[in-house]
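Visitor: The structure file model27.cif (mmCIF, C-alpha atoms) is provided below.
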```
data_data
#
loop_
_atom_site.label_atom_id
_atom_site.label_comp_id
_atom_site.auth_asym_id
_atom_site.auth_seq_id
_atom_site.Cartn_x
_atom_site.Cartn_y
_atom_site.Cartn_z
CA MET C 1 0.00 0.00 0.00
CA VAL C 2 0.98 3.62 -0.54
CA ASP C 3 0.16 6.23 2.10
CA LEU C 4 -0.34 9.83 0.95
CA LEU C 5 0.59 13.12 2.54
CA LEU C 6 -1.19 16.18 1.16
CA GLY C 7 -1.72 19.86 1.87
CA LEU C 8 -5.35 20.81 2.36
CA GLN C 9 -5.17 24.58 1.87
CA TRP C 10 -3.37 26.88 -0.60
CA GLY C 11 0.03 25.28 0.07
CA ASP C 12 2.65 26.21 2.68
CA GLU C 13 0.94 23.99 5.28
CA GLY C 14 4.15 22.41 6.58
CA LYS C 15 4.20 19.18 4.57
CA GLY C 16 8.00 18.99 4.48
CA LYS C 17 8.24 18.88 8.27
CA ILE C 18 5.65 16.10 8.61
CA VAL C 19 7.23 14.00 5.84
CA ASP C 20 10.52 14.38 7.70
CA VAL C 21 8.85 13.35 10.99
CA LEU C 22 7.11 10.32 9.41
CA THR C 23 9.98 9.11 7.20
CA LYS C 24 11.34 6.79 9.89
CA ASN C 25 8.19 4.68 9.33
CA TYR C 26 8.75 4.30 5.56
CA ASP C 27 11.18 2.62 3.16
CA ILE C 28 10.39 4.92 0.21
CA ILE C 29 9.36 8.59 -0.06
CA ALA C 30 8.02 9.59 -3.50
CA ARG C 31 7.10 13.02 -4.90
CA PHE C 32 4.20 12.76 -7.35
CA GLN C 33 3.52 16.22 -8.86
CA GLY C 34 4.64 19.83 -9.10
CA GLY C 35 8.20 20.96 -9.50
CA PRO C 36 10.57 23.57 -8.12
CA ASN C 37 7.57 25.82 -7.39
CA ALA C 38 7.37 23.75 -4.18
CA GLY C 39 9.32 24.77 -1.12
CA HIS C 40 9.42 22.16 1.65
CA THR C 41 11.16 23.52 4.75
CA LEU C 42 12.76 21.14 7.26
CA ILE C 43 14.37 22.28 10.52
CA PHE C 44 16.40 19.97 12.75
CA ASP C 45 19.65 20.08 14.73
CA GLY C 46 19.55 23.87 14.50
CA ASN C 47 19.71 23.84 10.68
CA LYS C 48 17.09 24.96 8.16
CA HIS C 49 16.77 23.17 4.81
CA VAL C 50 14.50 24.12 1.89
CA LEU C 51 13.87 21.40 -0.72
CA HIS C 52 12.17 22.16 -4.03
CA THR C 53 12.20 18.93 -6.06
CA ILE C 54 14.04 16.37 -3.94
CA PRO C 55 11.69 14.43 -1.59
CA SER C 56 11.78 15.40 2.09
CA GLY C 57 13.04 11.96 3.19
CA ILE C 58 16.52 12.61 1.79
CA PHE C 59 18.09 13.27 5.23
CA HIS C 60 17.17 9.84 6.60
CA ASP C 61 19.73 7.05 6.30
CA LYS C 62 17.42 4.22 5.26
CA ALA C 63 14.75 5.89 3.08
CA LEU C 64 14.89 5.73 -0.71
CA ASN C 65 13.63 8.89 -2.44
CA ILE C 66 11.84 8.88 -5.80
CA VAL C 67 10.95 11.82 -8.02
CA GLY C 68 7.86 10.49 -9.82
CA ASN C 69 6.64 10.81 -13.38
CA GLY C 70 4.12 13.52 -12.43
CA VAL C 71 6.91 15.92 -11.38
CA VAL C 72 8.51 18.48 -13.69
CA ILE C 73 12.26 18.95 -13.17
CA ASP C 74 14.47 21.97 -13.74
CA PRO C 75 18.01 20.53 -14.04
CA VAL C 76 19.60 23.85 -12.97
CA ILE C 77 17.57 24.10 -9.75
CA PHE C 78 18.06 20.36 -9.16
CA GLN C 79 21.83 20.81 -9.43
CA LYS C 80 21.70 23.65 -6.88
CA GLU C 81 19.72 21.43 -4.49
CA LEU C 82 22.29 18.66 -4.82
CA GLU C 83 25.12 21.13 -4.19
CA ASP C 84 23.39 22.47 -1.07
CA LEU C 85 23.20 18.91 0.30
CA GLU C 86 26.82 17.97 -0.49
CA LYS C 87 28.04 18.67 3.06
CA TYR C 88 25.76 15.92 4.39
CA ASN C 89 27.60 13.20 2.43
CA ILE C 90 24.39 11.74 1.00
CA ASP C 91 24.90 8.92 -1.52
CA PHE C 92 22.51 10.28 -4.17
CA LYS C 93 23.22 7.49 -6.64
CA SER C 94 21.75 4.89 -4.27
CA LYS C 95 19.22 7.06 -2.38
CA LEU C 96 17.66 9.32 -5.02
CA PHE C 97 15.91 7.90 -8.10
CA ILE C 98 14.20 9.81 -10.89
CA SER C 99 11.37 8.55 -13.07
CA ARG C 100 12.23 8.39 -16.77
CA LYS C 101 8.74 9.70 -17.48
CA ALA C 102 9.21 12.96 -15.52
CA HIS C 103 9.21 16.02 -17.78
CA ILE C 104 12.08 18.51 -18.01
CA ILE C 105 11.77 22.31 -17.63
CA LEU C 106 13.83 24.02 -20.35
CA PRO C 107 15.27 27.55 -20.03
CA THR C 108 12.69 28.76 -22.56
CA HIS C 109 9.84 27.37 -20.42
CA ARG C 110 10.86 29.87 -17.74
CA LEU C 111 11.00 32.68 -20.30
CA LEU C 112 7.51 31.78 -21.56
CA ASP C 113 6.23 31.77 -17.97
CA ALA C 114 7.63 35.26 -17.35
CA ALA C 115 6.30 36.61 -20.67
CA SER C 116 2.83 35.15 -20.10
CA GLU C 117 2.58 36.55 -16.57
CA THR C 118 3.85 39.99 -17.63
CA ALA C 119 1.37 40.11 -20.50
CA LYS C 120 -1.53 39.49 -18.12
CA GLY C 121 -0.81 42.71 -16.21
CA LYS C 122 -3.27 43.16 -13.35
CA ALA C 123 -4.93 39.82 -14.19
CA LYS C 124 -1.75 37.87 -13.35
CA ILE C 125 -2.26 34.66 -11.36
CA GLY C 126 0.82 34.94 -9.12
CA SER C 127 3.01 32.36 -10.87
CA THR C 128 6.34 31.46 -9.25
CA LEU C 129 7.87 32.00 -12.77
CA LYS C 130 9.65 28.63 -12.60
CA GLY C 131 8.34 27.48 -15.98
CA ILE C 132 5.93 24.98 -14.43
CA GLY C 133 2.82 25.92 -16.44
CA PRO C 134 4.52 25.99 -19.88
CA THR C 135 6.19 22.62 -19.13
CA TYR C 136 2.86 20.97 -18.26
CA MET C 137 1.37 22.58 -21.39
CA ASP C 138 4.05 20.90 -23.49
CA LYS C 139 3.38 17.65 -21.65
CA THR C 140 -0.32 17.69 -22.48
CA GLY C 141 0.46 19.05 -25.96
CA ARG C 142 2.74 16.01 -26.49
CA ASN C 143 5.79 18.14 -27.17
CA GLY C 144 7.63 17.62 -23.89
CA ILE C 145 11.14 16.33 -23.23
CA ARG C 146 11.39 13.68 -20.52
CA ILE C 147 14.16 12.41 -18.29
CA GLY C 148 14.32 9.17 -20.31
CA ASP C 149 15.09 11.22 -23.44
CA LEU C 150 18.44 12.19 -21.89
CA GLU C 151 19.52 8.56 -22.38
CA LEU C 152 18.85 8.81 -26.13
CA GLU C 153 21.44 10.04 -28.61
CA ASN C 154 19.11 12.56 -30.26
CA TRP C 155 17.92 14.38 -27.12
CA LYS C 156 19.67 17.60 -28.18
CA ASP C 157 17.81 17.56 -31.51
CA LYS C 158 14.54 17.36 -29.57
CA TYR C 159 15.75 20.18 -27.31
CA ASP C 160 16.68 22.42 -30.27
CA ALA C 161 13.32 21.85 -32.00
CA LEU C 162 11.32 22.69 -28.87
CA THR C 163 13.47 25.72 -28.02
CA LYS C 164 13.00 27.06 -31.57
CA LYS C 165 9.25 26.71 -31.17
CA HIS C 166 9.34 28.51 -27.79
CA LEU C 167 11.31 31.44 -29.20
CA LYS C 168 8.61 31.94 -31.86
CA MET C 169 5.95 31.82 -29.12
CA LEU C 170 7.79 34.51 -27.13
CA ASP C 171 7.27 36.95 -30.01
CA PHE C 172 3.52 36.47 -29.65
CA PHE C 173 3.43 38.05 -26.16
CA GLU C 174 4.88 41.38 -27.32
CA VAL C 175 6.56 42.03 -23.96
CA ASP C 176 10.20 42.91 -23.41
CA ILE C 177 11.85 39.95 -21.65
CA GLN C 178 15.63 40.34 -21.46
CA PHE C 179 17.66 37.11 -21.61
CA ASP C 180 20.94 35.61 -22.77
CA LEU C 181 19.92 32.25 -24.25
CA LYS C 182 23.51 31.08 -24.75
CA GLU C 183 24.30 31.60 -21.05
CA LEU C 184 21.04 29.90 -20.00
CA GLU C 185 21.82 26.94 -22.27
CA ASN C 186 25.35 26.61 -20.87
CA GLN C 187 23.95 26.35 -17.34
CA PHE C 188 21.27 23.93 -18.52
CA CYS C 189 23.69 21.56 -20.29
CA LYS C 190 26.08 21.46 -17.32
CA ALA C 191 23.14 20.67 -15.03
CA VAL C 192 21.92 17.93 -17.38
CA ASP C 193 25.37 16.28 -17.22
CA ILE C 194 25.08 16.18 -13.41
CA LEU C 195 21.50 14.90 -13.60
CA LYS C 196 22.65 12.04 -15.85
CA GLN C 197 24.93 10.79 -13.06
CA LEU C 198 21.85 9.94 -10.96
CA THR C 199 19.78 6.76 -11.22
CA PHE C 200 16.88 6.90 -13.70
CA ILE C 201 14.15 4.29 -13.18
CA ASP C 202 10.87 3.09 -14.64
CA SER C 203 9.18 4.27 -11.46
CA GLU C 204 5.77 2.62 -11.86
CA ALA C 205 7.42 -0.80 -12.22
CA TYR C 206 9.82 -0.02 -9.37
CA LEU C 207 6.97 0.93 -7.02
CA PHE C 208 4.88 -2.09 -8.03
CA ASN C 209 7.79 -4.39 -7.19
CA ALA C 210 8.37 -2.53 -3.93
CA MET C 211 4.74 -3.10 -2.93
CA GLN C 212 5.04 -6.77 -3.84
CA ALA C 213 8.04 -6.93 -1.50
CA ASP C 214 5.96 -5.28 1.30
CA LYS C 215 8.00 -2.07 1.30
CA THR C 216 6.33 0.89 3.01
CA ILE C 217 5.80 3.89 0.72
CA LEU C 218 4.80 7.49 1.45
CA ALA C 219 3.74 9.71 -1.44
CA GLU C 220 4.62 13.36 -0.82
CA GLY C 221 2.41 16.06 -2.34
CA ALA C 222 3.44 19.61 -3.18
CA GLN C 223 1.44 22.86 -3.14
CA GLY C 224 -2.07 22.41 -1.66
CA SER C 225 -5.46 20.98 -2.60
CA LEU C 226 -7.00 24.42 -3.21
CA LEU C 227 -4.34 24.91 -5.91
CA ASP C 228 -5.36 21.74 -7.80
CA ILE C 229 -5.82 22.39 -11.54
CA ASP C 230 -9.32 20.81 -11.42
CA PHE C 231 -10.55 21.29 -7.86
CA GLY C 232 -8.74 24.46 -6.78
CA THR C 233 -9.72 28.13 -7.07
CA TYR C 234 -9.23 28.21 -10.86
CA PRO C 235 -7.57 30.04 -12.61
CA TYR C 236 -5.46 30.96 -9.55
CA VAL C 237 -4.09 27.44 -9.29
CA THR C 238 -1.02 25.40 -10.16
CA SER C 239 -0.74 23.25 -13.30
CA SER C 240 -0.96 19.78 -11.72
CA ASN C 241 -3.34 17.63 -9.68
CA THR C 242 -2.33 18.26 -6.08
CA THR C 243 -5.12 16.07 -4.68
CA ALA C 244 -5.04 12.34 -3.87
CA ALA C 245 -5.95 11.40 -7.45
CA GLY C 246 -2.68 13.04 -8.57
CA ALA C 247 -0.70 10.45 -6.62
CA CYS C 248 -2.15 7.66 -8.77
CA THR C 249 -1.32 9.36 -12.07
CA GLY C 250 1.90 10.94 -10.79
CA LEU C 251 3.40 7.64 -9.62
CA GLY C 252 1.55 4.98 -11.59
CA VAL C 253 -0.12 3.54 -8.48
CA ALA C 254 -3.58 1.94 -8.69
CA PRO C 255 -6.34 3.64 -6.63
CA SER C 256 -6.91 0.35 -4.76
CA LYS C 257 -3.32 0.56 -3.46
CA ILE C 258 -3.83 3.86 -1.58
CA GLY C 259 -3.77 3.37 2.20
CA LYS C 260 -3.75 6.19 4.77
CA VAL C 261 -4.25 9.77 3.60
CA PHE C 262 -2.57 12.31 5.88
CA GLY C 263 -4.09 15.78 5.45
CA ILE C 264 -1.97 18.72 6.60
CA PHE C 265 -3.52 22.08 7.48
CA LYS C 266 -2.53 25.21 9.36
CA ALA C 267 -4.48 26.29 12.44
CA TYR C 268 -5.26 29.38 10.37
CA THR C 269 -5.16 30.03 6.60
CA THR C 270 -2.55 31.57 4.29
CA ARG C 271 -2.24 32.21 0.59
CA VAL C 272 0.62 33.39 -1.64
CA GLY C 273 -0.02 35.34 -4.83
CA SER C 274 -3.34 36.29 -6.40
CA GLY C 275 -6.77 34.73 -6.05
CA PRO C 276 -9.85 34.85 -3.80
CA PHE C 277 -9.39 34.30 -0.05
CA PRO C 278 -12.70 34.63 1.89
CA THR C 279 -11.21 34.73 5.43
CA GLU C 280 -8.29 37.04 4.62
CA LEU C 281 -7.51 39.58 7.35
CA PHE C 282 -6.37 43.13 6.69
CA ASP C 283 -6.24 44.16 10.38
CA GLU C 284 -3.75 43.80 13.25
CA ASP C 285 -4.72 40.14 13.77
CA GLY C 286 -3.62 39.36 10.20
CA LYS C 287 -0.35 41.26 10.66
CA THR C 288 0.32 39.42 13.92
CA MET C 289 -0.23 36.01 12.28
CA ALA C 290 2.17 36.93 9.46
CA LYS C 291 4.83 38.20 11.85
CA VAL C 292 4.66 35.41 14.45
CA GLY C 293 4.25 32.69 11.80
CA GLN C 294 7.08 34.14 9.66
CA GLU C 295 4.77 33.88 6.70
CA PHE C 296 7.02 34.25 3.70
CA GLY C 297 7.08 31.81 0.75
CA ALA C 298 9.89 29.21 0.92
CA THR C 299 10.28 29.35 -2.87
CA THR C 300 9.54 32.99 -3.74
CA GLY C 301 10.13 34.83 -0.46
CA ARG C 302 6.83 36.63 -1.08
CA PRO C 303 4.80 37.59 2.01
CA ARG C 304 1.81 35.31 2.55
CA ARG C 305 -1.69 36.67 3.01
CA CYS C 306 -3.18 35.49 6.34
CA GLY C 307 -6.68 34.82 7.66
CA TRP C 308 -8.74 32.72 10.07
CA LEU C 309 -9.28 29.01 9.49
CA ASP C 310 -11.77 28.36 6.67
CA LEU C 311 -13.65 25.22 7.63
CA VAL C 312 -15.88 25.33 4.53
CA ALA C 313 -12.82 25.01 2.27
CA LEU C 314 -11.15 22.51 4.61
CA LYS C 315 -14.20 20.23 4.67
CA TYR C 316 -14.20 20.30 0.85
CA THR C 317 -10.54 19.23 0.56
CA VAL C 318 -10.95 16.53 3.23
CA GLN C 319 -13.80 15.05 1.17
CA VAL C 320 -12.05 15.34 -2.22
CA ASN C 321 -8.93 13.63 -0.87
CA GLY C 322 -10.58 10.99 1.33
CA VAL C 323 -8.44 12.14 4.27
CA THR C 324 -8.11 9.51 7.04
CA GLN C 325 -6.16 11.56 9.57
CA LEU C 326 -5.34 15.22 10.06
CA ASN C 327 -2.20 17.04 11.16
CA MET C 328 -2.63 20.59 12.46
CA MET C 329 0.36 22.86 11.97
CA LYS C 330 1.37 26.16 13.60
CA GLY C 331 -0.97 25.96 16.58
CA ASP C 332 1.71 27.95 18.42
CA VAL C 333 1.18 30.97 16.13
CA LEU C 334 -2.35 31.48 17.52
CA SER C 335 -1.11 31.78 21.14
CA GLY C 336 -1.83 35.25 22.51
CA PHE C 337 -5.09 36.01 20.67
CA ASP C 338 -7.98 36.80 23.05
CA THR C 339 -10.53 35.60 20.50
CA ILE C 340 -10.00 33.11 17.69
CA LYS C 341 -12.45 32.64 14.83
CA ILE C 342 -13.33 29.78 12.48
CA CYS C 343 -15.33 30.32 9.30
CA THR C 344 -18.12 27.73 9.53
CA SER C 345 -20.33 28.82 6.61
CA TYR C 346 -20.52 31.26 3.69
CA GLN C 347 -23.18 33.73 2.63
CA TYR C 348 -23.28 32.93 -1.09
CA LYS C 349 -25.50 35.13 -3.28
CA GLY C 350 -27.75 35.79 -0.27
CA LYS C 351 -27.98 32.18 0.99
CA GLU C 352 -26.07 30.49 3.82
CA ILE C 353 -24.11 27.48 2.53
CA THR C 354 -21.60 25.06 4.07
CA HIS C 355 -20.03 23.72 0.85
CA LEU C 356 -17.40 25.33 -1.39
CA PRO C 357 -19.23 26.92 -4.35
CA TYR C 358 -18.01 27.30 -7.93
CA ASN C 359 -16.95 30.91 -7.36
CA ILE C 360 -15.63 32.37 -4.09
CA GLU C 361 -14.79 35.85 -5.35
CA PRO C 362 -15.66 38.55 -2.76
CA GLU C 363 -18.61 39.87 -4.76
CA ASN C 364 -20.31 36.47 -4.32
CA VAL C 365 -19.11 35.30 -0.89
CA SER C 366 -18.93 36.63 2.64
CA VAL C 367 -18.11 34.52 5.70
CA ASN C 368 -19.87 33.55 8.92
CA TYR C 369 -17.63 32.95 11.93
CA THR C 370 -17.85 30.89 15.10
CA GLU C 371 -15.77 32.46 17.89
CA PHE C 372 -13.56 30.70 20.46
CA LYS C 373 -11.67 31.87 23.51
CA GLY C 374 -7.95 32.09 22.78
CA TRP C 375 -5.04 30.80 24.84
CA GLN C 376 -2.01 32.64 26.12
CA ALA C 377 0.34 29.72 26.82
CA ASP C 378 3.60 29.32 24.87
CA LEU C 379 3.17 25.95 23.11
CA THR C 380 6.70 25.77 21.68
CA LYS C 381 8.19 24.05 24.76
CA MET C 382 5.37 21.51 25.14
CA ASP C 383 6.01 17.88 24.20
CA SER C 384 2.86 15.96 25.13
CA ALA C 385 -0.86 16.32 24.43
CA ASP C 386 -1.80 16.62 28.12
CA GLN C 387 0.16 19.91 28.33
CA LEU C 388 -1.93 21.64 25.67
CA PRO C 389 -4.17 24.46 27.01
CA LYS C 390 -7.86 23.73 27.51
CA ASN C 391 -9.01 26.38 24.99
CA LEU C 392 -6.77 24.86 22.30
CA ILE C 393 -8.24 21.40 23.03
CA THR C 394 -11.72 22.92 22.58
CA TYR C 395 -10.59 24.40 19.24
CA ILE C 396 -9.17 21.04 18.08
CA ASP C 397 -12.24 19.08 19.26
CA PHE C 398 -14.54 21.44 17.33
CA ILE C 399 -12.56 20.98 14.08
CA GLU C 400 -12.49 17.18 14.51
CA LYS C 401 -16.24 17.05 15.12
CA GLU C 402 -17.01 19.21 12.05
CA LEU C 403 -14.66 17.29 9.74
CA GLN C 404 -15.30 13.85 11.29
CA VAL C 405 -11.59 13.01 10.94
CA PRO C 406 -9.15 12.72 13.89
CA ILE C 407 -6.34 15.25 14.36
CA LYS C 408 -3.41 12.97 15.20
CA ILE C 409 -0.54 15.47 15.15
CA VAL C 410 -0.33 19.03 16.49
CA SER C 411 2.79 20.93 15.47
CA VAL C 412 3.95 23.52 18.02
CA GLY C 413 7.06 24.84 16.26
CA PRO C 414 9.15 24.42 13.10
CA ASP C 415 11.69 21.92 14.50
CA ARG C 416 11.01 18.19 13.95
CA LYS C 417 11.08 17.78 17.78
CA GLN C 418 8.24 20.29 18.22
CA THR C 419 5.62 17.71 17.25
CA ILE C 420 2.89 16.40 19.56
CA PHE C 421 1.23 13.07 18.76
CA ARG C 422 -2.35 12.65 20.02
#
```
Produce structure tokens that represent the structure in this file.

Guide:
Amino acid sequence: MVDLLLGLQWGDEGKGKIVDVLTKNYDIIARFQGGPNAGHTLIFDGNKHVLHTIPSGIFHDKALNIVGNGVVIDPVIFQKELEDLEKYNIDFKSKLFISRKAHIILPTHRLLDAASETAKGKAKIGSTLKGIGPTYMDKTGRNGIRIGDLELENWKDKYDALTKKHLKMLDFFEVDIQFDLKELENQFCKAVDILKQLTFIDSEAYLFNAMQADKTILAEGAQGSLLDIDFGTYPYVTSSNTTAAGACTGLGVAPSKIGKVFGIFKAYTTRVGSGPFPTELFDEDGKTMAKVGQEFGATTGRPRRCGWLDLVALKYTVQVNGVTQLNMMKGDVLSGFDTIKICTSYQYKGKEITHLPYNIEPENVSVNYTEFKGWQADLTKMDSADQLPKNLITYIDFIEKELQVPIKIVSVGPDRKQTIFR
């Protein structure tokens, strides 16, 4: 069986930390979608690590790490990640495998991303400009270059043909994007040479054989469920399926082989970039959340928008993903608020509803809150569930009852040790 770990909001929920915490229970950690637009932050032994494409189990001695076919890979960023990990003496050849069916982000994919976003002006979606969207477009348009192509003698011919096509497309946008293609290609080719030193695998066959041998597997999602290309707040979404279904297509795993589904959510809500956000705060409470929670994107460094927990949206993503257990992150950030709110329903076009509607733009949706007494205690030093303040327990119990799924982990700080199991 394959267990899944997914974000249930607009990303940045703290998935990297929980994968790191859970890895000791698994033989294989596998990323199944997204690319270097992800930023999974791990903190342990006083060190902070941000991973973009490499699975979050890489620091554990025994775990194998697989980058699945659903992931898109930028060789240049991948090289940088490998270089950042060099001091840890990790044997990448034996611990990090890449699916031959994973697609490659070319330098011109990034240029197309930047041109497209610039051309949109005020209607921009808040892309990370990593070339993710254009790469997935080439994938579905059957033009893409895959990792397995690097093993073929004519891969550079394929590269040249696709780059030529991209350069013609850039003219269409009529925006001034400055670039030195020769320099970008030099970096790209050097990075490809390093990538080719790693182990490429037929990942669906590898995972099938691993399951036959009773290996334990954890599939690691990137971004969040509300950024899913189908089920997210379209068009302000990413270009892949971030929900549980994406693990099946992004790894080649049958739906009947999915076991536990760990859903990760923050005790409040954040969002990076553009798009509707019903519970967003523009007052001192929102500023406090951002400051205490250090809410800046791990990939872009952009400040995150903050708001109260949206239970309408959370219930939706729990249902879509078939979540079997919940992990609540950043409970410590809410310490110090006198009153804490949870959005329990929307006013949608004049009616009260408790499901996520097609459109949640502010002209259609306002929120109804249930209020809770806050807690003042510093949670960051606590290490067992019986130490948690009574008002936090009330908050957790309410969420569990509404979602009908148990909250098994409460994170009380960024370090892997600051994790309370219930």

Visitor: How would you write, as a VMD selection string, the residues chosen by the PyMOL selection byres ((chain C and resi 363) around 12) on this structure?

Guide: chain C and resid 276 to 278 347 to 350 359 to 362 364 to 367

Visitor: Distance atom CA of Ala244 of chain C-atom CA of Lys15 of chain C, one decimal place?

Guide: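 Here the two named atoms are 14.3 Å from each other.
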
Visitor: Between C:Ala219, C:Asp383, C:Leu311, C:Asn327, which residue has the minimum interatomic distance to His355 of chain C, considering all atoms listed in the file?

Guide: C:Leu311

Visitor: Written as a PyMOL selection string, which residues does the PyMOL selection byres ((chain C and resi 1) around 10) give for the file shown?

Guide: chain C and resi 2-4+207-208+210-212+214-218+253-260

Visitor: Rank C:Leu309, C:Ala290, C:Ile147, C:Leu170 by their smallest atom-to-atom distance to Glu117 of chain C, using only C-alpha atoms, and report the top residue only.

Guide: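 Smallest separation from Glu117 of chain C among the options: C:Leu170.
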
Visitor: Apply the PyMOL selection byres ((chain C and resi 194) around 10) to the file shown and report the selected residues as a PyMOL selection string.

Guide: chain C and resi 75-76+78-79+82+189-193+195-198

Visitor: Selected residues, C-alpha atoms, written as an mmCIF file, in the coordinates of the input, please.

Guide:
```cif
data_model
loop_
_atom_site.group_PDB
_atom_site.id
_atom_site.type_symbol
_atom_site.label_atom_id
_atom_site.label_comp_id
_atom_site.auth_asym_id
_atom_site.auth_seq_id
_atom_site.Cartn_x
_atom_site.Cartn_y
_atom_site.Cartn_z
ATOM 1 C CA PRO C 75 18.010 20.530 -14.040
ATOM 2 C CA VAL C 76 19.600 23.850 -12.970
ATOM 3 C CA PHE C 78 18.060 20.360 -9.160
ATOM 4 C CA GLN C 79 21.830 20.810 -9.430
ATOM 5 C CA LEU C 82 22.290 18.660 -4.820
ATOM 6 C CA CYS C 189 23.690 21.560 -20.290
ATOM 7 C CA LYS C 190 26.080 21.460 -17.320
ATOM 8 C CA ALA C 191 23.140 20.670 -15.030
ATOM 9 C CA VAL C 192 21.920 17.930 -17.380
ATOM 10 C CA ASP C 193 25.370 16.280 -17.220
ATOM 11 C CA LEU C 195 21.500 14.900 -13.600
ATOM 12 C CA LYS C 196 22.650 12.040 -15.850
ATOM 13 C CA GLN C 197 24.930 10.790 -13.060
ATOM 14 C CA LEU C 198 21.850 9.940 -10.960
#
```

Visitor: So, with only C-alpha atoms as the atoms that count, which of C:Thr128, C:Thr41, C:Asn186, C:Ser274 lies closest to Tyr234 of chain C?

Guide: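 Of C:Thr128, C:Thr41, C:Asn186, C:Ser274, the one nearest Tyr234 of chain C is C:Ser274, counting only C-alpha atoms.
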
Visitor: Tell me which of C:His103, C:Lys315, C:Lys17, C:Lys330 sits closest to Thr380 of chain C, counting all atoms listed in the file.

Guide: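 Of C:His103, C:Lys315, C:Lys17, C:Lys330, the one nearest Thr380 of chain C is C:Lys330, counting all atoms listed in the file.
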
Visitor: Find the residue from C:Gln387, C:Gln294, C:Ser345, C:Asn368 that sits nearest to Glu402 of chain C; use all atoms listed in the file when measuring.

Guide: C:Ser345

Visitor: Select, counting all atoms listed in the file, all protein, DNA and RNA residues no farther than 10 Å from (-3.9, 30.2, 4.1) in file coordinates, and express the selection as a ChimeraX atom specification.

Guide: /C:8-13,224,226,265-272,277,279-280,295,304-310
